[in-house]
$ cat query25.txt   # compact mmCIF, C-alpha atoms
# COMPACT_ATOMS: atom_id res chain seq x y z
CA MET A 1 -74.48 52.60 11.90
CA ASN A 2 -73.96 49.09 10.65
CA SER A 3 -70.74 47.38 11.71
CA GLN A 4 -69.06 45.28 9.07
CA GLU A 5 -67.88 41.84 10.16
CA PRO A 6 -64.35 40.85 9.07
CA PRO A 7 -64.22 38.38 6.20
CA VAL A 8 -64.08 34.72 7.15
CA LYS A 9 -60.73 33.12 6.32
CA SER A 10 -60.91 30.10 4.09
CA THR A 11 -60.24 26.83 5.88
CA VAL A 12 -60.01 24.83 2.68
CA THR A 13 -56.78 22.81 2.51
CA HIS A 14 -55.34 20.86 -0.34
CA THR A 15 -53.56 17.56 0.15
CA LYS A 16 -51.14 15.89 -2.20
CA LYS A 17 -51.89 12.61 -3.91
CA ILE A 18 -49.54 10.09 -5.51
CA ILE A 19 -50.62 7.60 -8.16
CA LEU A 20 -48.15 4.76 -8.70
CA ILE A 21 -48.08 2.63 -11.83
CA THR A 22 -45.97 -0.56 -11.73
CA PRO A 23 -46.22 -3.27 -14.39
CA ASN A 24 -44.05 -5.65 -12.35
CA ASP A 25 -46.59 -6.11 -9.55
CA ASP A 26 -47.04 -8.88 -6.95
CA ASN A 27 -48.89 -9.50 -3.69
CA ARG A 28 -46.53 -7.49 -1.49
CA PRO A 29 -47.98 -4.16 -0.27
CA VAL A 30 -46.34 -0.88 -1.32
CA TYR A 31 -45.08 1.74 1.16
CA ILE A 32 -43.70 5.23 0.73
CA SER A 33 -40.49 5.91 2.62
CA GLY A 34 -39.12 9.43 2.82
CA ASN A 35 -37.95 12.52 4.66
CA PHE A 36 -41.41 12.88 6.22
CA ASN A 37 -41.27 9.59 8.19
CA ASN A 38 -37.55 9.26 8.91
CA TRP A 39 -37.24 6.90 5.93
CA ALA A 40 -39.13 4.09 7.69
CA THR A 41 -39.66 1.30 5.15
CA GLN A 42 -42.77 -0.31 6.61
CA ASP A 43 -44.73 2.61 8.00
CA TYR A 44 -48.41 1.65 7.90
CA ASN A 45 -49.31 5.35 7.92
CA PHE A 46 -47.75 5.54 4.46
CA ARG A 47 -48.99 2.29 2.97
CA MET A 48 -50.50 2.84 -0.47
CA GLU A 49 -53.96 1.65 -1.40
CA LYS A 50 -54.04 -0.96 -4.14
CA ILE A 51 -56.67 0.13 -6.66
CA GLU A 52 -56.05 -2.66 -9.12
CA GLU A 53 -53.20 -4.81 -10.36
CA GLY A 54 -50.26 -2.48 -11.03
CA ARG A 55 -51.94 0.69 -9.72
CA TYR A 56 -51.65 2.22 -6.23
CA GLU A 57 -52.74 5.52 -4.72
CA PHE A 58 -51.88 7.48 -1.59
CA GLU A 59 -53.17 10.81 -0.31
CA PHE A 60 -50.88 12.59 2.12
CA PRO A 61 -52.50 13.86 5.33
CA GLU A 62 -52.78 17.55 6.09
CA GLY A 63 -49.73 19.11 7.68
CA GLU A 64 -47.07 21.71 7.10
CA GLU A 65 -44.41 19.02 6.77
CA PHE A 66 -46.11 17.80 3.59
CA GLU A 67 -46.15 21.27 2.05
CA GLU A 68 -42.36 21.33 1.90
CA GLU A 69 -40.27 19.36 -0.58
CA LEU A 70 -40.98 15.64 -0.35
CA ILE A 71 -38.07 13.26 -0.91
CA TYR A 72 -39.00 9.59 -1.09
CA LYS A 73 -38.77 6.10 -2.54
CA PHE A 74 -41.24 3.25 -2.92
CA THR A 75 -40.63 -0.09 -1.20
CA LYS A 76 -42.41 -3.37 -0.70
CA GLY A 77 -41.72 -3.08 3.03
CA ASP A 78 -37.92 -3.12 3.34
CA TRP A 79 -34.76 -1.86 1.65
CA SER A 80 -34.28 -5.44 0.45
CA GLU A 81 -37.60 -4.98 -1.42
CA VAL A 82 -37.00 -1.46 -2.75
CA GLU A 83 -37.82 -0.14 -6.23
CA ILE A 84 -35.23 -0.60 -9.01
CA ASP A 85 -35.09 0.35 -12.69
CA ARG A 86 -35.81 -2.05 -15.54
CA TYR A 87 -32.14 -3.09 -15.67
CA GLY A 88 -32.03 -4.02 -11.99
CA ASN A 89 -30.09 -0.91 -10.91
CA LYS A 90 -30.91 1.26 -7.91
CA THR A 91 -33.00 4.35 -8.55
CA PRO A 92 -32.27 7.85 -7.21
CA ASN A 93 -34.49 9.42 -4.55
CA ARG A 94 -37.65 10.98 -5.92
CA HIS A 95 -38.29 14.70 -5.30
CA TRP A 96 -41.62 16.52 -5.24
CA ASN A 97 -41.02 20.26 -4.92
CA ASP A 98 -43.65 21.89 -7.12
CA ASP A 99 -47.18 23.10 -6.36
CA GLN A 100 -48.98 20.29 -8.17
CA LEU A 101 -51.48 18.40 -6.01
CA GLU A 102 -51.29 15.13 -7.92
CA ARG A 103 -48.31 13.20 -9.15
CA ILE A 104 -48.05 10.05 -11.26
CA GLU A 105 -44.99 7.87 -10.63
CA LYS A 106 -43.79 4.68 -12.28
CA VAL A 107 -41.72 1.77 -10.91
CA ALA A 108 -40.30 -0.69 -13.43
CA LYS A 109 -39.22 -3.49 -11.05
CA TRP A 110 -38.78 -4.36 -7.37
CA ARG A 111 -36.00 -6.07 -5.48
CA HIS A 112 -36.87 -9.34 -3.77
CA ASN A 113 -34.63 -10.43 -0.90
CA TRP A 114 -31.94 -7.96 -2.12
CA LEU A 115 -31.81 -9.47 -5.62
CA PRO A 116 -31.18 -9.10 -8.58
CA TYR A 117 -27.48 -8.19 -8.58
CA ARG A 118 -24.91 -6.96 -11.09
CA PRO A 119 -22.32 -9.69 -11.88
CA SER A 120 -19.62 -7.03 -12.22
CA GLN A 121 -20.07 -6.19 -8.53
CA LEU A 122 -19.62 -9.75 -7.24
CA PRO A 123 -16.81 -10.12 -4.71
CA LYS A 124 -13.65 -11.95 -5.75
CA VAL A 125 -13.78 -15.40 -4.16
CA HIS A 126 -10.28 -16.44 -3.12
CA LEU A 127 -9.52 -19.88 -1.67
CA ILE A 128 -7.02 -19.25 1.11
CA SER A 129 -6.32 -22.93 1.68
CA GLU A 130 -7.85 -26.37 1.28
CA GLU A 131 -6.11 -27.42 4.49
CA PHE A 132 -5.38 -24.43 6.69
CA GLU A 133 -3.76 -25.69 9.88
CA ILE A 134 -5.60 -25.33 13.18
CA PRO A 135 -2.83 -26.10 15.72
CA GLN A 136 -5.15 -25.51 18.69
CA LEU A 137 -7.30 -28.48 17.57
CA ASN A 138 -4.72 -30.45 15.59
CA LYS A 139 -6.91 -30.21 12.47
CA THR A 140 -7.00 -28.55 9.07
CA ARG A 141 -9.83 -26.63 7.42
CA LYS A 142 -10.87 -25.10 4.10
CA ILE A 143 -11.04 -21.31 4.36
CA TRP A 144 -12.13 -18.70 1.85
CA ALA A 145 -11.77 -14.94 1.47
CA LEU A 146 -14.39 -12.84 -0.30
CA LEU A 147 -12.70 -9.64 -1.43
CA PRO A 148 -14.41 -6.47 -2.72
CA HIS A 149 -15.00 -6.64 -6.47
CA ASP A 150 -12.42 -3.91 -7.16
CA TYR A 151 -9.83 -5.16 -4.66
CA ASP A 152 -7.16 -5.70 -7.35
CA THR A 153 -7.52 -2.21 -8.80
CA SER A 154 -7.59 -0.23 -5.56
CA ASP A 155 -5.20 0.42 -2.71
CA GLU A 156 -7.88 0.62 -0.02
CA HIS A 157 -7.79 -1.21 3.31
CA TYR A 158 -11.03 -2.89 4.40
CA PRO A 159 -12.91 -4.00 7.52
CA VAL A 160 -13.01 -7.76 8.05
CA LEU A 161 -15.84 -10.08 9.07
CA TYR A 162 -15.08 -13.68 10.10
CA LEU A 163 -18.05 -15.95 9.39
CA GLN A 164 -18.74 -19.52 10.45
CA ASP A 165 -20.26 -22.31 8.30
CA ALA A 166 -18.68 -21.31 4.98
CA GLN A 167 -20.34 -24.28 3.24
CA ASN A 168 -23.68 -22.50 3.54
CA LEU A 169 -22.65 -18.92 2.81
CA PHE A 170 -22.17 -18.77 -0.95
CA ASN A 171 -21.83 -22.31 -2.33
CA GLU A 172 -24.29 -22.73 -5.21
CA LYS A 173 -24.17 -26.50 -4.79
CA SER A 174 -25.31 -26.26 -1.18
CA GLU A 175 -28.94 -26.98 -0.37
CA PHE A 176 -28.74 -24.13 2.16
CA ASN A 177 -27.18 -20.86 1.02
CA TRP A 178 -27.01 -17.31 2.42
CA GLN A 179 -25.95 -16.01 -1.03
CA ILE A 180 -23.62 -13.52 0.62
CA ASP A 181 -21.69 -13.07 -2.63
CA LYS A 182 -24.83 -11.85 -4.39
CA LYS A 183 -25.86 -9.74 -1.39
CA LEU A 184 -22.42 -8.09 -1.26
CA ALA A 185 -22.77 -7.32 -4.98
CA VAL A 186 -26.06 -5.49 -4.40
CA MET A 187 -24.73 -3.75 -1.30
CA SER A 188 -21.76 -2.37 -3.21
CA ASP A 189 -24.22 -0.35 -5.29
CA TYR A 190 -25.44 1.28 -2.09
CA GLY A 191 -21.97 1.91 -0.68
CA ILE A 192 -22.31 -0.55 2.21
CA GLY A 193 -20.50 -3.64 0.99
CA LYS A 194 -16.79 -2.82 0.91
CA ILE A 195 -15.61 -5.40 3.43
CA ILE A 196 -13.51 -8.58 3.40
CA VAL A 197 -15.35 -11.70 4.51
CA ILE A 198 -13.30 -14.62 5.79
CA ALA A 199 -15.46 -17.73 5.50
CA ILE A 200 -14.42 -20.70 7.62
CA GLU A 201 -15.88 -24.09 6.79
CA HIS A 202 -17.37 -26.02 9.69
CA ALA A 203 -16.11 -29.37 10.94
CA GLU A 204 -18.93 -31.50 9.49
CA SER A 205 -19.78 -34.17 12.09
CA GLU A 206 -17.73 -32.34 14.74
CA ARG A 207 -19.32 -28.96 14.05
CA ILE A 208 -21.40 -28.82 17.23
CA GLN A 209 -18.52 -29.89 19.46
CA GLU A 210 -16.22 -27.32 17.84
CA TYR A 211 -18.71 -24.46 18.27
CA ASN A 212 -19.70 -25.50 21.79
CA VAL A 213 -17.94 -23.25 24.33
CA GLY A 214 -17.20 -24.74 27.73
CA ARG A 215 -19.57 -27.17 29.42
CA THR A 216 -23.19 -26.87 28.31
CA LEU A 217 -26.28 -29.04 27.86
CA LEU A 218 -24.43 -30.58 24.91
CA GLY A 219 -21.49 -31.60 27.10
CA ALA A 220 -17.92 -30.33 26.97
CA GLY A 221 -16.97 -28.53 23.79
CA HIS A 222 -13.85 -27.29 22.05
CA GLY A 223 -15.17 -23.78 21.42
CA LYS A 224 -12.48 -21.95 23.38
CA LYS A 225 -9.72 -23.63 21.36
CA TYR A 226 -11.58 -22.82 18.13
CA ILE A 227 -11.89 -19.16 19.13
CA ARG A 228 -8.17 -19.05 19.94
CA PHE A 229 -7.49 -20.39 16.45
CA ILE A 230 -9.32 -17.41 14.92
CA THR A 231 -7.73 -14.81 17.21
CA ASP A 232 -4.18 -16.21 17.50
CA THR A 233 -3.62 -17.95 14.15
CA LEU A 234 -6.10 -16.99 11.44
CA LYS A 235 -6.46 -13.26 12.07
CA PRO A 236 -2.69 -12.56 12.08
CA PHE A 237 -2.42 -14.46 8.79
CA VAL A 238 -5.32 -12.54 7.23
CA ASP A 239 -3.95 -9.16 8.34
CA LYS A 240 -0.55 -10.04 6.89
CA THR A 241 -1.93 -11.39 3.61
CA PHE A 242 -4.68 -8.90 2.73
CA ARG A 243 -5.17 -5.14 2.96
CA THR A 244 -7.20 -5.12 6.14
CA LYS A 245 -8.08 -2.59 8.79
CA ALA A 246 -6.75 -4.73 11.59
CA GLU A 247 -8.02 -2.68 14.55
CA ARG A 248 -10.84 -4.12 16.66
CA GLU A 249 -13.31 -1.42 15.61
CA PHE A 250 -13.05 -2.73 12.04
CA THR A 251 -13.07 -6.44 12.94
CA GLY A 252 -16.22 -8.53 13.27
CA ILE A 253 -17.23 -12.13 13.76
CA GLY A 254 -20.54 -13.82 13.13
CA GLY A 255 -22.64 -16.84 12.42
CA SER A 256 -26.01 -18.51 12.92
CA SER A 257 -27.32 -21.12 15.34
CA MET A 258 -24.30 -22.75 17.04
CA GLY A 259 -22.12 -20.54 14.82
CA GLY A 260 -23.91 -17.58 16.39
CA LEU A 261 -23.24 -18.90 19.88
CA VAL A 262 -19.50 -19.30 19.33
CA SER A 263 -19.45 -15.79 17.82
CA ILE A 264 -21.02 -14.38 20.99
CA PHE A 265 -18.31 -15.92 23.14
CA SER A 266 -15.61 -14.80 20.69
CA GLY A 267 -16.64 -11.19 21.18
CA LEU A 268 -17.16 -11.43 24.93
CA ILE A 269 -13.92 -13.28 25.68
CA TYR A 270 -11.79 -11.28 23.23
CA PRO A 271 -13.24 -7.75 23.20
CA GLU A 272 -9.79 -6.42 22.33
CA VAL A 273 -10.00 -8.33 19.01
CA PHE A 274 -13.65 -8.08 17.92
CA GLY A 275 -15.64 -4.86 17.98
CA LYS A 276 -18.52 -6.11 15.79
CA LEU A 277 -20.69 -9.18 16.41
CA MET A 278 -23.22 -10.54 13.91
CA VAL A 279 -25.33 -13.12 15.73
CA PHE A 280 -28.28 -14.80 14.02
CA SER A 281 -30.60 -17.24 15.84
CA PRO A 282 -27.99 -18.21 18.46
CA SER A 283 -28.38 -21.56 20.21
CA LEU A 284 -28.71 -19.99 23.64
CA TRP A 285 -30.84 -22.94 24.73
CA VAL A 286 -27.68 -25.02 25.21
CA ILE A 287 -26.57 -22.66 27.98
CA PRO A 288 -29.78 -21.10 29.36
CA LYS A 289 -28.03 -19.83 32.50
CA ILE A 290 -25.12 -18.25 30.71
CA LYS A 291 -22.87 -16.55 33.26
CA LEU A 292 -21.63 -13.07 32.42
CA GLY A 293 -19.58 -12.39 35.53
CA PHE A 294 -16.33 -12.91 33.66
CA LEU A 295 -17.06 -9.73 31.69
CA ASP A 296 -16.20 -7.64 34.75
CA ILE A 297 -12.53 -8.59 34.51
CA PHE A 298 -12.14 -7.04 31.05
CA GLU A 299 -11.60 -3.42 30.22
CA PRO A 300 -14.93 -2.46 28.56
CA GLN A 301 -14.66 -1.31 24.96
CA GLU A 302 -17.11 -0.04 22.38
CA THR A 303 -18.81 -3.09 20.88
CA ARG A 304 -21.68 -3.46 18.43
CA LEU A 305 -23.87 -6.56 18.52
CA TYR A 306 -26.47 -7.23 15.82
CA LEU A 307 -28.81 -9.83 17.30
CA TYR A 308 -31.46 -11.48 15.12
CA ALA A 309 -34.17 -14.03 15.90
CA GLY A 310 -37.16 -15.48 14.09
CA GLY A 311 -40.50 -15.87 15.82
CA ASP A 312 -41.23 -19.14 14.01
CA GLU A 313 -37.96 -20.87 14.95
CA SER A 314 -38.89 -22.36 18.32
CA GLU A 315 -40.98 -21.55 21.36
CA THR A 316 -37.98 -20.10 23.19
CA MET A 317 -35.81 -18.40 20.53
CA VAL A 318 -37.24 -14.87 20.85
CA LYS A 319 -37.44 -15.17 24.63
CA HIS A 320 -33.80 -16.26 24.91
CA VAL A 321 -32.35 -13.50 22.70
CA THR A 322 -34.52 -10.81 24.32
CA LYS A 323 -33.44 -11.90 27.79
CA PHE A 324 -29.80 -12.08 26.71
CA ARG A 325 -29.92 -8.54 25.32
CA LYS A 326 -31.42 -7.21 28.55
CA ARG A 327 -28.77 -8.93 30.66
CA LEU A 328 -25.96 -7.48 28.54
CA LEU A 329 -27.32 -3.96 28.68
CA ARG A 330 -27.89 -4.15 32.44
CA ARG A 331 -24.31 -5.23 33.07
CA GLU A 332 -22.70 -2.38 34.96
CA SER A 333 -19.28 -2.98 33.44
CA LEU A 334 -20.75 -2.61 29.93
CA GLN A 335 -22.77 0.54 30.56
CA GLY A 336 -22.47 2.85 27.56
CA LYS A 337 -20.08 0.49 25.79
CA MET A 338 -22.31 -2.27 24.42
CA LYS A 339 -24.61 -1.24 21.57
CA VAL A 340 -27.17 -3.91 20.69
CA ARG A 341 -29.58 -3.88 17.77
CA LEU A 342 -32.26 -6.54 18.21
CA SER A 343 -34.05 -7.54 15.01
CA ILE A 344 -37.01 -9.91 15.27
CA ASN A 345 -38.98 -11.26 12.33
CA MET A 346 -42.01 -12.99 13.83
CA GLU A 347 -42.45 -14.99 10.61
CA GLY A 348 -38.77 -16.00 10.50
CA LYS A 349 -37.82 -19.66 10.51
CA HIS A 350 -34.51 -21.29 11.48
CA ASN A 351 -32.99 -21.41 8.02
CA GLU A 352 -30.64 -19.71 5.56
CA ARG A 353 -33.35 -17.83 3.67
CA TYR A 354 -34.06 -15.57 6.64
CA TRP A 355 -30.38 -15.22 7.63
CA SER A 356 -29.65 -14.26 4.02
CA ASP A 357 -32.21 -11.47 4.15
CA GLU A 358 -30.82 -10.20 7.45
CA PHE A 359 -27.18 -10.22 6.34
CA PRO A 360 -27.14 -6.84 4.47
CA LYS A 361 -29.06 -5.11 7.27
CA ALA A 362 -26.53 -6.36 9.81
CA ILE A 363 -23.55 -5.35 7.65
CA GLU A 364 -24.92 -1.84 7.19
CA TRP A 365 -25.53 -1.25 10.91
CA LEU A 366 -22.32 -2.88 12.12
CA PHE A 367 -19.87 -1.33 9.68
CA PHE A 368 -21.52 1.63 7.93
CA SER A 369 -23.93 3.30 10.35
CA ASP A 370 -23.65 5.66 13.30
CA LYS A 371 -27.09 4.79 14.67
CA PRO A 372 -26.80 3.48 18.24
CA ASP A 373 -29.55 0.86 17.94

$ encode --input "query25.txt" --output "structure tokens"
Amino acid sequence: MNSQEPPVKSTVTHTKKIILITPNDDNRPVYISGNFNNWATQDYNFRMEKIEEGRYEFEFPEGEEFEEELIYKFTKGDWSEVEIDRYGNKTPNRHWNDDQLERIEKVAKWRHNWLPYRPSQLPKVHLISEEFEIPQLNKTRKIWALLPHDYDTSDEHYPVLYLQDAQNLFNEKSEFNWQIDKKLAVMSDYGIGKIIVIAIEHAESERIQEYNVGRTLLGAGHGKKYIRFITDTLKPFVDKTFRTKAEREFTGIGGSSMGGLVSIFSGLIYPEVFGKLMVFSPSLWVIPKIKLGFLDIFEPQETRLYLYAGGDESETMVKHVTKFRKRLLRRESLQGKMKVRLSINMEGKHNERYWSDEFPKAIEWLFFSDKPD
């Protein structure tokens, strides 16, 4: 009697393939970001192959996760470089939920460093004063407020971010410019830009002395008096004048270089005032042996610190910020209270172009995200 062998099951699998057509092409690579890779924007496992100018292809690997509905977007490596429509508007997420094995997609344009922006979304730039009094330093200063574009037609209250070096934040006449007004306009389209920014101009030739806290390699500074001006004089005025969320968990302070250093001390010395710290390329070299013992006398509170450094700034920049982050997180008094996101761009230089690109990422994490780091 002949026994009949059971039929052999087919092991043939079918993988999905995307073909992308984009007439607005450039040298930046294209990545797919979606629900299959936790929306990572520069995942080399999902980098598309460039077939020719304006045409890319990607074949998904085998796996059950790719047989379910795929939700995704195309980027040039970051949300600041994401796909947009031909009018410069954001595009909705793409969905692939049919049984087809090949899909042709089209991208009209790409963002570059968060731009372009819609003029209607620009924040309202309000000059608070040409000569706002700083009694702690016996000086006056020009100070601006950037209000959400629909501030006058809403009754909302908003988080507040105090930023140093206003001359370089949005002034078109400045050689160095973060373009935060344009970045806030783009961010409003993504629901992450509804904040009030208070921009404080620096003290020109006395800038370094004013941002220098205590006694450092630069000598004795006036930083503590400057910080007291923000906490004791400026913030009460802002909270009285504008519709702010005055609580510490909605209040941030930030800056770059020496402006970043004074922002660090603002948050550490006055944790009851500032719950969000935006620190770009801080000049930690001026105080390489920064003492943190004073932190133990404060009641620890939930604080978020966005810490950025560029790898092409100096030989010590990345080393200093990495060491500083480790020391903060190891501090027993801060255990579980200090959340630090460290962002390092190894190609980043010490200038406004890179701080400008980092600004929306920092705003999103500090004010509009629940992610711990």

$ closest_residue --input "query25.txt" --among "A:Ile253, A:Leu169, A:Leu307, A:Leu366" --to "Arg353 (chain A)" --atoms "only C-alpha atoms"
A:Leu169

$ closest_residue --input "query25.txt" --among "A:Pro123, A:Val318, A:Tyr72, A:Glu57" --to "Glu347 (chain A)" --atoms "only C-alpha atoms"
A:Val318

$ closest_residue --input "query25.txt" --among "A:Thr322, A:Tyr306, A:Glu358, A:Leu147" --to "Trp79 (chain A)" --atoms "only C-alpha atoms"
A:Glu358

$ atom_distance --input "query25.txt" --atom1 "CA of Val30 (chain A)" --atom2 "CA of Lys90 (chain A)"
16.9 Å

$ closest_residue --input "query25.txt" --among "A:Glu102, A:Gln42, A:Leu70, A:Val82" --to "Ile19 (chain A)" --atoms "only C-alpha atoms"
A:Glu102

$ closest_residue --input "query25.txt" --among "A:Lys349, A:Tyr162, A:Ile192, A:Pro360" --to "Gly267 (chain A)" --atoms "all atoms listed in the file"
A:Tyr162

$ closest_residue --input "query25.txt" --among "A:His126, A:Lys224, A:Arg28, A:His149" --to "Glu53 (chain A)" --atoms "all atoms listed in the file"
A:Arg28

$ residues_around --input "query25.txt" --residues "region 201-205 of chain A" --least-positions-apart "6" --cutoff "7 Å" --atoms "only C-alpha atoms" --output "PDB file with C-alpha atoms, in the coordinates of the input"
ATOM      1  CA  ARG A 141      -9.830 -26.630   7.420  1.00  0.00           C
ATOM      2  CA  LYS A 142     -10.870 -25.100   4.100  1.00  0.00           C
ATOM      3  CA  ILE A 143     -11.040 -21.310   4.360  1.00  0.00           C
ATOM      4  CA  GLN A 164     -18.740 -19.520  10.450  1.00  0.00           C
ATOM      5  CA  ASP A 165     -20.260 -22.310   8.300  1.00  0.00           C
ATOM      6  CA  ALA A 166     -18.680 -21.310   4.980  1.00  0.00           C
ATOM      7  CA  GLN A 167     -20.340 -24.280   3.240  1.00  0.00           C
TER       8      GLN A 167
END

$ atom_distance --input "query25.txt" --atom1 "CA of Ala309 (chain A)" --atom2 "CA of Val273 (chain A)"
25.0 Å

$ atom_distance --input "query25.txt" --atom1 "CA of Tyr56 (chain A)" --atom2 "CA of Gly348 (chain A)"
27.9 Å

$ residues_around --input "query25.txt" --residues "Asp78 (chain A)" --least-positions-apart "2" --cutoff "6 Å" --atoms "all atoms listed in the file" --output "PyMOL selection string"
chain A and resi 41+80-81

$ residues_around --input "query25.txt" --residues "region 256-264 of chain A" --least-positions-apart "5" --cutoff "8 Å" --atoms "only C-alpha atoms" --output "list in words"
Gln164, Asp165, Ile208, Tyr211, Asn212, Val213, Gly223, Ile227, Leu277, Met278, Val279, Phe280, Ser281, Pro282, Ser283, Leu284 and Trp355 of chain A

$ write_last_selection --input "query25.txt" --atoms "C-alpha atoms" --output "compact mmCIF listing (two decimals), in the coordinates of the input"
# COMPACT_ATOMS: atom_id res chain seq x y z
CA GLN A 164 -18.74 -19.52 10.45
CA ASP A 165 -20.26 -22.31 8.30
CA ILE A 208 -21.40 -28.82 17.23
CA TYR A 211 -18.71 -24.46 18.27
CA ASN A 212 -19.70 -25.50 21.79
CA VAL A 213 -17.94 -23.25 24.33
CA GLY A 223 -15.17 -23.78 21.42
CA ILE A 227 -11.89 -19.16 19.13
CA LEU A 277 -20.69 -9.18 16.41
CA MET A 278 -23.22 -10.54 13.91
CA VAL A 279 -25.33 -13.12 15.73
CA PHE A 280 -28.28 -14.80 14.02
CA SER A 281 -30.60 -17.24 15.84
CA PRO A 282 -27.99 -18.21 18.46
CA SER A 283 -28.38 -21.56 20.21
CA LEU A 284 -28.71 -19.99 23.64
CA TRP A 355 -30.38 -15.22 7.63

$ residues_near_point --input "query25.txt" --point "(-42.3, -21.3, 17.3)" --cutoff "12 Å" --atoms "all atoms listed in the file" --output "PyMOL selection string"
chain A and resi 309-319+345-350

$ residues_around --input "query25.txt" --residues "region 240-245 of chain A" --least-positions-apart "2" --cutoff "6 Å" --atoms "only C-alpha atoms" --output "list in words"
His157, Tyr158, Pro159, Phe237, Val238, Glu247 and Phe250 of chain A
